[in-house]
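Enquirer: My questions will all concern the structure given below.
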Amino acid sequence: MSISIRKAAVIGSGIMGSGIAAHLANVGIPTLLLDIVPKQLTPEEEKKGLTAEHPAVRSRLAASAIAKLKKTNPAPLYDPAFAGRITPGNLEDDLHKIADADWIIEVIVENLDAKRSLLDRIEQHWKPGTIVSSNTSGISINAMAEGRSEPFRRSFMGTHFFNPPRYMKLLEIVPADGTEAELVNEMKAFAETVLGKGVVIAKDTPNFIANRIGTYGLLVSLQEMEKGGFTVEEVDAVTGPAMGRPKSATFRTLDLVGLDTFIHVADNVRLNVDNEAERKDFTPPAALTQLVERGWLGEKSGQGFYLKRKGEGGKSEILSIDLGTLEYTPQKKAASGSLEAAKSVKGAREKTKALLGAGDKYSELAWNILKQVLVYSADKVGEIADSIQEIDEAMKWGFNWELGPFETWDAIGLAKSVQRMEKEGLAVPAWVKEWIEAGHASFYKKDNGKRFYVSGSRYKEVEAPVQEIDLRSLKEQNKVVKSNTGASLIDIGDGVVCLEFHSPNNAIGDDILSMIQQSAEEVRRNWSGLVLANQGRNFCVGANLMLLLMEAQDEEWDEVDEIINLFQQSMYKLKRLEKPVVAAPHRMTLGGGVEACMPADQVIAAAETYYGLVEVGVGLIPAGGGCKEFALRVSRQAGHPEADLLPLLGQVFETVGSAKVSSSGHDAKRLGYLRTNDRILPNADHLIYEAKQAVLQMAADGYTLPPEEKIRIAGAEGKAALQLAAIGMKEGGYISDHDLLIAKKLAHVLSGGDLPAGTLVSEQYLLDLEREAFLSLTGEPKTQARMQHMLSKGKALRN
């Protein structure tokens with residue numbers, strides 16, 4: 001990657017423009033955000049005596065958008081402080097400043113003439129070599145580039161971010177005819193590495209890849225609903241998780257997008273393709289148009305296909321619309337053998353097969369929708385994208401499908417499904433039939449851990465970026481060193497192994513703890529270092545709560561004590577390993593998951609890591625070394641032997657006692673969960689590679705195990721201060737009696753118990769305090785009630 005983007009400029013401060021500026025700020029790129037000059041003063045500005053010429057008024061739109069970023073939920077910023085990296089301005093006074101930018105992104109209204117006019121103004125200040133892109137969701141990039149100079153056209157492309165830019169992985173890069181090919185490749189590498197995106201190269205066609213296929217699929221769902229007389233909730237039951245799609249399915253997705261926006265997107269295809277049948281396919285049904293005419297646009301107007309209102313007793317209820325009468329009625333849950341069959345199996349492949357195979361009306365609905373989407377996707381290969389891989393990835397990253405269209409086709413059986421399609425009168429593209437006739441059973445295949453996809457008349461290898469290490473592929477290549485039901489130790493090359501959790505929800509139980517112990521010994525004898533990582537949906541949701549509850553309810557206190565002791569000693573074994581250990585957490589990393597990372601020499605976390613010691617939520621305290629590690633950090637940070645520990649300890653007490661979970665990797669640093677030497681990566685797919693490089697660097701630098709440290713504690717004096725703060729919370733009505741009991745136990749452990757302030761203690765001393773407090777809380781009926789509630793309801797109980 002040779003391009004260097006040190007500064008950026010975003011023009012247009014609406015939801016998408018400000019969101020893109022926020023994500024650039026997230027990854028450390030100072031960004032200029034510009035918008036038009038307001039035509040009139042606000043009442044607030046008039047009260048302040050400002051005039052229309054005041055800079056604050058002239059740049060108000062951009063400044064207001066930046067201020068809103070700090071309050072928006074879900075947060076566009078990794079850390080609210082990052083808003084300081086965005087500078088507001090306006091198009092009349094500040095457009096010349098874009099000359100200092102390395103990347104200029106146009107994010108204004110979806111109107112070709114407006115975009116052309118703006119690009120003309122941009123070129124007047126443009127510095128040759130500066131990248132210019134449009135965030136259009138479907139307007140022709142070539143049409144926009146008309147009239148621009150040849151050097152400008154070489155640096156111009158489409159960069160279609162999906163909303164919200166921080167969270168949605170997909171970025172469609174759309175080259176114009178004159179765009180420099182090498183620049184496209186460099187932008188792809190930059191977006192993957194620096195922005196953390198999954199990038200596909202799209203053709204300059206209406207709505208590009210994901211919106212073209214996704215919009216078609218949503219319209220087909222509406223058409224099949226009308227044909228079969230299905231309800232809104234029936235269609236959503238079929239087109240959601242049962243088919244490997246998000247819970248928002250069809251109609252919740254439309255409500256989120258906005259029905260008017262959806263019609264605009266559909267019209268962009270309808271009005272810009274030549275095929276009459278395709279124009280008909282992209283004509284929105286009358287019912288959808290009626291809803292828009294009534295102003296029922298979805299979430300932004302308060303009602304669309306669904307309406308949320310207060311029911312009896314003030315409790316919220318969600319109604320669904322009857323498209324025949326346009327009246328809202330209580331939802332009726334869809335139930336059938338096919339839906340139950342899909343629920344009973346795991347993974348999108350098995351779910352889809354189960355849904356289609358049950359033979360009831362919902363199976364038929366699923367098939368009638370799916371077959372059309374698959375054929376349409378195949379028909380668009382070469383037109384909207386060069387490969388089936390790009391179409392599949394666009395749908396997975398842009399619409400959160402678990403499988404892309406061609407992966408789905410493989411899952412249900414390629415030849416068998418094509419036979420059925422043709423029998424039912426559907427025209428299957430010739431290239432698909434020719435591929436089957438050549439003796440191929442699938443679009444994708446695997447061979448020796450490598451993946452291939454159909455490209456023309458042959459298979460082509462899926463080329464993974466160098467920075468990506470795929471554990472599943474390595475396991476298929478027999479790279480497993482050790483394994484049990486909960487975890488595997490995998491050779492990831494160059495003398496480094498990766499310890500992967502793969503228990504249900506990656507919860508830590510005896511099997512994982514046993515593998516940690518075995519792995520430490522194996523690495524000590526035979527390897528250069530260890531990476532702790534996995535590629536599950538979440539890194540680790542904590543310890544096996546069900547096992548603990550069962551033992552507590554049976555009053556098997558020795559068993560509970562043994563479990564906690566094994567947990568502590570396993571984490572301590574990781575910490576005292578004579579080889580470098582790097583942990584690479586992602587997404588939900590809670591409780592024991594955090595405690596598994598804390599002993600590592602370094603943590604390399606994904607930017608989207610939601611990290612926290614949450615044990616108090618189930619009536620417990622961290623007892624796998626979490627309290628001990630925090631006490632050690634406080635002792636280190638305080639530095640001087642006479643320095644007051646209480647300010648730092650008070651912050652830890654609040655963080656752990658409130659079960660605070662970070663909203664990002666950067667927020668985890670702010671909360672003190674991550675250390676200054678820990679790193680954060682925007683792209684979670686690069687975590688294992690970068691963790692491996694960190695291990696190799698430490699080994700090359702002559703890694704030596706740091707000596708064991710004594711921990712200076714706050715002692716009885718600190719404990720009293722922390723407990724006093726907790727009592728104040730109780731008297732203020734903020735916490736319950738049981739919360740206070742937990743807080744007192746936490747204060748006792750963090751401060752080091754009843755010893756004098758400043759006493760130096762061993763790590764084992766604090767581990768013993770942790771275990772004792774944990775064990776006593778496990779016996780409390782209210783703690784057991786909290787554990788039961790979390791297991792059954794998935795949320796904390798306040799009692």
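Ligands are numbered from 1 in the order shown, residues from 1 within each chain, and chains are lettered A, B, ... in the order they appear in the structure tokens.
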Which residues, written as JSON, numbers by chain, have at least one atom at most 12 Å from Thr31 (chain A), with only C-alpha atoms counted and residues fewer than 3 positions away on the same chain left out?
Expert: {"A": [5, 6, 7, 8, 9, 10, 11, 13, 17, 18, 19, 20, 21, 22, 23, 24, 25, 26, 27, 28, 34, 62, 66, 82, 83, 84, 85, 86, 87, 88, 89, 97, 98, 100, 101, 102, 103, 104, 105]}
Enquirer: Counting only C-alpha atoms, what is within 7 Å of Lys660 (chain A), bar same-chain residues fewer than 5 positions away, as a list in words?
Expert: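 Here the qualifying residues turn out to be Gly612, Val614 and Thr655 of chain A.
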Enquirer: Let me see the file: selected residues, N, CA, C and O atoms, as a CSV table (one decimal), in the first residue's frame.
Expert:
```
chain,number,residue,atom,x,y,z
A,612,GLY,N,-15.5,-5.9,29.2
A,612,GLY,CA,-15.9,-5.5,30.5
A,612,GLY,C,-15.9,-6.6,31.5
A,612,GLY,O,-16.3,-7.8,31.2
A,614,VAL,N,-18.1,-7.9,34.1
A,614,VAL,CA,-19.5,-7.7,34.4
A,614,VAL,C,-20.1,-8.6,35.5
A,614,VAL,O,-21.3,-8.7,35.6
A,655,THR,N,-15.6,1.3,37.9
A,655,THR,CA,-15.7,0.6,36.6
A,655,THR,C,-16.2,-0.8,36.8
A,655,THR,O,-17.1,-1.3,36.2
```
Enquirer: Using only C-alpha atoms for the distances, tell me which of A:Tyr611, A:Phe774, A:Tyr459, A:Phe208 is nearest to Ala385 (chain A).
Expert: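 Among the listed residues, the smallest separation from Ala385 (chain A) belongs to A:Phe208.
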Enquirer: Could you name the residues that touch Gly626 (chain A) at 10 Å or less, counting only C-alpha atoms, but leaving out those on the same chain fewer than 6 positions away, as a PyMOL selection string?
Expert: chain A and resi 568+571+591-592+594-599+613+632+656+673+750+767+770
Enquirer: Please determine, counting only C-alpha atoms, which residue among A:Pro580, A:Pro429, A:Pro641, A:Pro682 has the shortest atom-to-atom distance to Asp701 (chain A).
Expert: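 Nearest to Asp701 (chain A): A:Pro580.
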Enquirer: List the spatial neighbours of Gln553 (chain A) as a ChimeraX atom specification - criterion: any atom at most 12 Å away, only C-alpha atoms, same-chain residues fewer than 2 positions off excluded.
Expert: /A:546-551,555-557,559-560,778-785,787-788
Enquirer: Counting only C-alpha atoms, which residue out of A:Glu615, A:Glu226, A:Asp392, A:Asp35 sits closest to Ala210 (chain A)?
Expert: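 Looking at the shortest contact to Ala210 (chain A), the residue is A:Asp392.
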Enquirer: In terms of the shortest atom-to-atom distance over only C-alpha atoms, which of A:Ala286, A:Val749, A:Val37, A:Val428 is closest to Tyr765 (chain A)?
Expert: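 So, comparing all the options, the nearest one is A:Val749.
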Enquirer: Neighbours of Arg524 (chain A) within 10 Å (only C-alpha atoms; same-chain residues fewer than 5 positions away dropped), as a PyMOL selection string?
Expert: chain A and resi 518-519+529-530+577-580
Enquirer: Next, write the just-selected residues to a file, as a compact mmCIF listing (two decimals), in the first residue's frame, keeping N, CA and C atoms as the atom set.
Expert:
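Okay, this is what ended up in result_21.txt:
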```txt
# COMPACT_ATOMS: atom_id res chain seq x y z
N GLN A 518 -2.60 -27.17 29.27
CA GLN A 518 -1.83 -28.00 28.34
C GLN A 518 -1.06 -27.14 27.33
N SER A 519 -1.72 -26.07 26.86
CA SER A 519 -1.09 -25.21 25.85
C SER A 519 0.13 -24.49 26.41
N GLY A 529 5.94 -18.74 20.82
CA GLY A 529 4.99 -17.91 21.54
C GLY A 529 3.56 -18.31 21.25
N LEU A 530 2.62 -17.64 21.92
CA LEU A 530 1.21 -18.02 21.88
C LEU A 530 0.33 -16.82 21.57
N LEU A 577 4.14 -17.77 31.71
CA LEU A 577 4.74 -18.52 30.61
C LEU A 577 6.02 -17.82 30.15
N GLU A 578 7.08 -18.58 29.92
CA GLU A 578 8.37 -17.98 29.58
C GLU A 578 8.46 -17.56 28.12
N LYS A 579 7.35 -17.65 27.40
CA LYS A 579 7.29 -17.23 25.99
C LYS A 579 6.25 -16.12 25.86
N PRO A 580 6.39 -15.26 24.84
CA PRO A 580 5.43 -14.15 24.70
C PRO A 580 4.00 -14.64 24.42
```
Enquirer: Taking the DSSP assignment computed from this structure's backbone, write out as an MDAnalysis selection string all residues of region 468-557 of chain A that belong to helix (DSSP H, G or I).
Expert: chainID A and resid 471:476 504:506 510:526 545:553 557
